[in-house]
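The next block is input.tsv, given as TSV, C-alpha atoms.
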chain	number	residue	atom	x	y	z
A	1	MET	CA	-56.28	20.62	11.78
A	2	HIS	CA	-52.75	20.37	13.19
A	3	ARG	CA	-54.19	21.01	16.66
A	4	GLU	CA	-56.58	18.06	16.38
A	5	THR	CA	-53.80	15.82	15.10
A	6	LEU	CA	-51.50	16.85	17.94
A	7	ILE	CA	-54.11	16.02	20.55
A	8	ALA	CA	-54.96	12.70	18.87
A	9	ALA	CA	-51.28	11.76	18.62
A	10	VAL	CA	-50.57	12.54	22.28
A	11	ASN	CA	-53.61	10.53	23.33
A	12	ALA	CA	-52.52	7.59	21.18
A	13	GLY	CA	-49.06	7.58	22.75
A	14	ALA	CA	-50.56	7.89	26.22
A	15	GLU	CA	-52.78	4.86	25.61
A	16	GLN	CA	-49.66	2.79	24.96
A	17	LEU	CA	-47.89	4.21	28.02
A	18	LYS	CA	-50.87	3.40	30.21
A	19	SER	CA	-51.39	-0.11	28.81
A	20	PHE	CA	-47.77	-1.13	29.43
A	21	PHE	CA	-47.41	0.54	32.85
A	22	ASN	CA	-46.70	-1.97	35.64
A	23	GLN	CA	-46.89	-4.81	33.10
A	24	LYS	CA	-44.13	-7.02	31.73
A	25	PHE	CA	-42.17	-5.49	28.85
A	26	THR	CA	-38.71	-5.68	27.35
A	27	ILE	CA	-36.06	-3.16	28.41
A	28	SER	CA	-32.86	-2.32	26.54
A	29	HIS	CA	-30.10	0.23	27.01
A	30	LYS	CA	-28.90	3.19	25.00
A	31	GLU	CA	-25.64	4.97	25.79
A	32	GLY	CA	-25.11	4.61	29.56
A	33	VAL	CA	-26.22	1.67	31.69
A	34	ASN	CA	-29.26	3.52	33.08
A	35	ASN	CA	-30.30	5.27	29.87
A	36	LEU	CA	-33.20	2.94	29.14
A	37	VAL	CA	-35.61	2.35	26.31
A	38	THR	CA	-38.56	-0.01	26.63
A	39	GLU	CA	-41.00	-1.87	24.44
A	40	ALA	CA	-43.56	0.75	25.48
A	41	ASP	CA	-41.44	3.60	24.12
A	42	PHE	CA	-41.42	1.98	20.68
A	43	ALA	CA	-45.16	1.21	20.82
A	44	SER	CA	-45.95	4.80	21.78
A	45	ASP	CA	-43.66	6.13	19.06
A	46	LYS	CA	-45.31	3.95	16.42
A	47	ALA	CA	-48.83	4.98	17.46
A	48	ILE	CA	-47.93	8.68	17.45
A	49	ARG	CA	-46.15	8.64	14.11
A	50	SER	CA	-48.94	6.64	12.50
A	51	ILE	CA	-51.47	9.38	13.27
A	52	ILE	CA	-49.19	12.22	12.17
A	53	LYS	CA	-48.21	10.48	8.92
A	54	ASN	CA	-51.83	9.68	8.13
A	55	ASP	CA	-52.93	13.31	8.51
A	56	PHE	CA	-49.78	15.09	7.34
A	57	PRO	CA	-47.57	12.69	5.39
A	58	ASP	CA	-45.19	15.42	4.22
A	59	ASP	CA	-44.52	16.96	7.65
A	60	GLY	CA	-41.09	16.54	9.21
A	61	ILE	CA	-40.70	14.27	12.24
A	62	VAL	CA	-37.97	14.07	14.86
A	63	SER	CA	-38.54	11.38	17.49
A	64	GLU	CA	-36.29	10.23	20.31
A	65	GLU	CA	-36.73	6.54	19.63
A	66	SER	CA	-36.91	6.35	15.85
A	67	ARG	CA	-34.37	9.17	15.38
A	68	GLU	CA	-36.07	9.64	12.03
A	69	LYS	CA	-35.53	13.02	10.39
A	70	GLU	CA	-37.74	14.01	7.52
A	71	ALA	CA	-37.66	17.25	5.54
A	72	GLY	CA	-39.83	18.88	2.92
A	73	SER	CA	-42.35	20.76	5.05
A	74	GLU	CA	-42.66	23.96	7.04
A	75	TYR	CA	-43.99	21.82	9.90
A	76	LYS	CA	-41.86	19.59	12.13
A	77	TRP	CA	-43.13	17.29	14.90
A	78	ILE	CA	-40.71	16.79	17.80
A	79	ILE	CA	-41.70	13.68	19.76
A	80	ASP	CA	-40.76	12.06	23.04
A	81	PRO	CA	-42.99	8.95	23.14
A	82	ILE	CA	-42.26	8.44	26.86
A	83	ASP	CA	-40.39	11.10	28.78
A	84	GLY	CA	-39.24	9.68	32.10
A	85	THR	CA	-38.54	6.16	30.86
A	86	VAL	CA	-36.52	5.18	33.95
A	87	ASN	CA	-39.48	6.17	36.12
A	88	PHE	CA	-41.81	4.24	33.82
A	89	ALA	CA	-39.63	1.13	33.89
A	90	ASN	CA	-39.59	1.20	37.69
A	91	GLY	CA	-43.34	1.69	38.11
A	92	ILE	CA	-43.04	5.35	39.12
A	93	PRO	CA	-45.96	7.32	37.63
A	94	LEU	CA	-43.89	10.43	36.83
A	95	CYS	CA	-43.72	9.94	33.07
A	96	CYS	CA	-45.53	11.36	30.08
A	97	VAL	CA	-45.87	11.75	26.33
A	98	SER	CA	-44.50	15.01	24.93
A	99	ILE	CA	-45.00	16.42	21.43
A	100	GLY	CA	-44.05	19.84	20.10
A	101	LEU	CA	-45.04	21.17	16.69
A	102	GLU	CA	-42.64	23.58	15.03
A	103	TYR	CA	-43.57	25.87	12.13
A	104	ASN	CA	-40.79	27.49	10.11
A	105	GLY	CA	-38.34	27.07	12.99
A	106	SER	CA	-40.65	28.47	15.70
A	107	MET	CA	-42.59	26.38	18.20
A	108	LEU	CA	-46.27	26.63	17.36
A	109	MET	CA	-47.95	24.15	19.73
A	110	GLY	CA	-47.01	21.76	22.48
A	111	ALA	CA	-48.79	19.05	24.42
A	112	VAL	CA	-47.62	16.96	27.38
A	113	TYR	CA	-49.84	14.21	28.80
A	114	ASN	CA	-49.32	12.07	31.88
A	115	PRO	CA	-52.27	9.65	31.74
A	116	LEU	CA	-51.29	8.06	35.05
A	117	MET	CA	-52.00	11.36	36.83
A	118	GLU	CA	-54.64	12.42	34.29
A	119	GLU	CA	-52.85	15.69	33.53
A	120	PHE	CA	-52.97	17.04	29.97
A	121	TYR	CA	-50.98	20.22	29.33
A	122	PHE	CA	-51.42	22.18	26.13
A	123	ALA	CA	-50.20	25.46	24.68
A	124	GLU	CA	-50.49	27.27	21.38
A	125	LYS	CA	-48.29	30.24	20.56
A	126	GLY	CA	-49.97	33.45	21.69
A	127	LYS	CA	-53.00	31.70	23.19
A	128	GLY	CA	-51.88	30.77	26.71
A	129	ALA	CA	-51.39	27.42	28.41
A	130	THR	CA	-53.88	25.01	29.95
A	131	LEU	CA	-54.03	21.99	32.23
A	132	ASN	CA	-57.02	19.78	31.46
A	133	GLY	CA	-58.58	22.72	29.65
A	134	ASN	CA	-58.12	25.23	32.48
A	135	LYS	CA	-55.74	28.18	32.17
A	136	ILE	CA	-52.50	27.90	34.14
A	137	PHE	CA	-49.97	30.51	35.20
A	138	VAL	CA	-46.49	30.52	36.69
A	139	SER	CA	-45.89	31.31	40.36
A	140	SER	CA	-45.34	34.76	41.85
A	141	LYS	CA	-42.26	34.11	44.03
A	142	THR	CA	-39.76	36.95	43.73
A	143	ARG	CA	-36.66	35.60	45.50
A	144	LEU	CA	-34.55	32.58	44.68
A	145	ILE	CA	-33.83	31.74	48.30
A	146	THR	CA	-37.54	31.23	49.06
A	147	SER	CA	-38.23	29.32	45.83
A	148	CYS	CA	-38.86	25.64	45.14
A	149	LEU	CA	-36.81	24.39	42.20
A	150	VAL	CA	-36.48	21.26	40.10
A	151	THR	CA	-33.58	19.91	38.06
A	152	GLY	CA	-32.26	16.84	36.31
A	153	PHE	CA	-28.90	15.15	35.92
A	154	PRO	CA	-27.29	13.58	32.83
A	155	TYR	CA	-26.51	9.86	32.68
A	156	THR	CA	-22.90	10.74	31.91
A	157	TYR	CA	-21.39	13.24	34.32
A	158	LEU	CA	-20.41	16.57	32.78
A	159	GLU	CA	-16.90	17.67	33.69
A	160	GLN	CA	-17.25	21.43	33.70
A	161	GLU	CA	-16.51	24.21	36.17
A	162	TYR	CA	-20.10	24.95	37.10
A	163	GLY	CA	-21.66	21.59	36.35
A	164	PRO	CA	-24.91	20.01	37.58
A	165	ILE	CA	-23.56	18.82	40.94
A	166	GLU	CA	-21.80	22.12	41.66
A	167	VAL	CA	-24.94	24.18	41.03
A	168	PHE	CA	-27.11	21.71	42.95
A	169	SER	CA	-24.72	21.77	45.92
A	170	LYS	CA	-24.65	25.56	46.04
A	171	LEU	CA	-28.45	25.74	46.11
A	172	ILE	CA	-29.09	23.04	48.69
A	173	ARG	CA	-26.34	24.34	50.97
A	174	ARG	CA	-28.48	27.45	51.27
A	175	GLY	CA	-31.52	25.36	52.14
A	176	ILE	CA	-33.27	25.88	48.81
A	177	PRO	CA	-35.45	22.84	48.01
A	178	VAL	CA	-34.41	21.32	44.67
A	179	ARG	CA	-36.43	18.34	43.46
A	180	ARG	CA	-35.65	15.78	40.75
A	181	LEU	CA	-38.69	14.25	39.04
A	182	GLY	CA	-36.88	12.40	36.27
A	183	SER	CA	-38.92	13.92	33.43
A	184	ALA	CA	-37.91	17.26	31.93
A	185	ALA	CA	-41.27	17.63	30.18
A	186	MET	CA	-43.07	17.31	33.51
A	187	ASP	CA	-40.56	19.63	35.20
A	188	LEU	CA	-41.43	22.31	32.66
A	189	CYS	CA	-45.18	21.76	32.96
A	190	TRP	CA	-45.01	21.98	36.73
A	191	VAL	CA	-43.19	25.31	36.42
A	192	ALA	CA	-45.97	26.45	34.08
A	193	ALA	CA	-48.59	25.34	36.62
A	194	GLY	CA	-46.85	27.26	39.44
A	195	ARG	CA	-45.84	24.17	41.41
A	196	PHE	CA	-42.15	24.94	40.90
A	197	ASP	CA	-40.71	28.42	40.64
A	198	GLY	CA	-37.84	27.38	38.40
A	199	PHE	CA	-36.20	24.54	36.49
A	200	TYR	CA	-32.69	24.20	35.14
A	201	GLU	CA	-30.82	21.40	33.43
A	202	HIS	CA	-27.44	21.22	31.74
A	203	GLU	CA	-28.01	18.47	29.17
A	204	LEU	CA	-31.26	17.99	27.22
A	205	HIS	CA	-32.38	17.04	23.72
A	206	ALA	CA	-34.99	18.79	21.61
A	207	TRP	CA	-37.68	16.17	22.34
A	208	ASP	CA	-37.24	16.71	26.10
A	209	SER	CA	-38.19	20.39	26.01
A	210	ALA	CA	-39.88	21.26	22.71
A	211	ALA	CA	-43.43	21.13	24.07
A	212	GLY	CA	-42.69	22.08	27.66
A	213	PHE	CA	-40.77	25.27	27.03
A	214	LEU	CA	-43.65	26.72	24.99
A	215	ILE	CA	-46.08	25.74	27.76
A	216	VAL	CA	-43.94	27.66	30.30
A	217	GLU	CA	-43.76	30.74	28.08
A	218	GLU	CA	-47.49	30.69	27.40
A	219	ALA	CA	-48.14	30.41	31.16
A	220	GLY	CA	-46.25	33.68	31.64
A	221	GLY	CA	-42.81	32.28	32.41
A	222	LYS	CA	-39.36	32.88	30.97
A	223	VAL	CA	-37.14	30.32	29.23
A	224	THR	CA	-33.50	30.86	28.21
A	225	ASN	CA	-30.30	28.89	27.82
A	226	LEU	CA	-27.91	28.61	30.79
A	227	ALA	CA	-26.32	31.95	29.93
A	228	GLY	CA	-29.65	33.78	29.84
A	229	ASP	CA	-29.75	34.03	26.04
A	230	PRO	CA	-32.80	33.16	23.87
A	231	TYR	CA	-33.70	29.49	24.12
A	232	SER	CA	-33.65	26.89	21.38
A	233	PRO	CA	-34.56	23.24	22.04
A	234	TYR	CA	-31.65	22.26	19.80
A	235	GLN	CA	-29.08	23.38	22.38
A	236	PRO	CA	-28.44	21.40	25.57
A	237	GLY	CA	-28.92	23.76	28.53
A	238	ILE	CA	-32.16	25.31	29.79
A	239	VAL	CA	-33.43	27.61	32.53
A	240	ALA	CA	-37.20	28.01	32.86
A	241	THR	CA	-38.71	30.11	35.65
A	242	ASN	CA	-41.62	32.31	36.61
A	243	GLY	CA	-39.51	35.18	35.27
A	244	LYS	CA	-39.16	36.86	38.65
A	245	ILE	CA	-36.29	34.68	39.91
A	246	HIS	CA	-34.71	34.13	36.50
A	247	ASN	CA	-31.73	36.45	36.73
A	248	GLU	CA	-30.86	35.22	40.23
A	249	LEU	CA	-30.89	31.61	39.09
A	250	ILE	CA	-28.82	32.40	35.99
A	251	ASN	CA	-26.26	34.12	38.25
A	252	VAL	CA	-25.91	31.05	40.47
A	253	ILE	CA	-25.56	28.75	37.46
A	254	ALA	CA	-22.75	31.02	36.20
A	255	GLY	CA	-20.90	30.63	39.50
A	256	GLY	CA	-22.42	33.38	41.61
A	257	ASN	CA	-23.81	33.09	45.12
A	258	VAL	CA	-27.40	32.92	46.33
A	259	GLN	CA	-28.44	36.38	47.46
A	260	GLU	CA	-29.44	36.95	51.06
A	261	LEU	CA	-32.90	38.14	51.97
A	262	LEU	CA	-32.97	41.91	52.45
Rendering of file as structure tokens:
Amino acid sequence: MHRETLIAAVNAGAEQLKSFFNQKFTISHKEGVNNLVTEADFASDKAIRSIIKNDFPDDGIVSEESREKEAGSEYKWIIDPIDGTVNFANGIPLCCVSIGLEYNGSMLMGAVYNPLMEEFYFAEKGKGATLNGNKIFVSSKTRLITSCLVTGFPYTYLEQEYGPIEVFSKLIRRGIPVRRLGSAAMDLCWVAAGRFDGFYEHELHAWDSAAGFLIVEEAGGKVTNLAGDPYSPYQPGIVATNGKIHNELINVIAGGNVQELL
């Protein structure tokens, strides 16, 4: 039953995303001048939460836009009603709805839907990952220097020794392609689908990665924090790869150098 509700909720949010896309809507700002929230985000959030509350009124909910936190259940829904809001607000179709379902502190299911590209990603713990119903798997690249990566940057620059710009610079100086889609949920799904070999980001929230990290793992990939330790969506940093380049990427993030080809 939770599976059907998850799919219905993601579809409901996606309907709102699609109906507002390239239309007129209000835009406001959160912390940071370019950290946007739109009328569509709130409409998507409302549609999603309405379905969840109707089916499971006692389940916990954590949503980016409502910031509502409810307790009293073993189940918790972690919602990003539109991931990639800046893209959405600028008419760039790299945005999606992302919902993860947690059971007793462990991610049970995740769904990410970009209706503008008609791509619906889904995973259930122990049952693999799919794109539009078809099984997906991570890539088979074995070396970082021949990989295609994706990352994201925070709206407030992080002053730290090996921060986002420092890691990015080290990679691109070696000619490694590093893309920036503007949606962490899509970054993770594209790693799961084998389009990217790895993704890293220094500053995320639970709703950015809750669904996507499970989708990567169920597609055969590896997800850790920036230090290579077990991942939790409630901590900021993430590294998600095909597993084969993971240690190399972790080493570079920690200040090491890109290894030469043998």
Residues within 7 Å of range 87-93 of chain A, only C-alpha atoms, excluding chain neighbours under 6 positions, as a ChimeraX atom specification | /A:21-22,116,182
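Note that the spacing between CA of Asp197 in chain A and CA of Leu249 in chain A amounts to 10.4 Å.
With only C-alpha atoms as the atoms that count, the minimum distance from Ser139 in chain A to the choices A:Ile79, A:Val239, A:Ala206, A:Val191 is reached by A:Val191.
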Sorted by chain and rising residue number, list the residues of range 98-192 of chain A at most 10 Å from range 226-232 of chain A (counting all atoms listed in the file), each with its closest atom pair and distance in Å to one decimal, as a tab-separated table.
residue	atom	partner	partner_atom	distance
A:Gly105	CA	A:Ser232	CA	9.6
A:Ser106	CA	A:Ser232	CA	9.2
A:Met107	CA	A:Ser232	CA	9.5
Neighbours of range 251-257 of chain A within 7 Å (all atoms listed in the file; same-chain residues fewer than 4 positions away dropped), as a ChimeraX atom specification?
-> /A:162,167,247
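Taking all atoms listed in the file into account, Ala193 in chain A lies nearest to A:Lys135 out of the set A:Lys76, A:Lys24, A:Lys53, A:Lys135.
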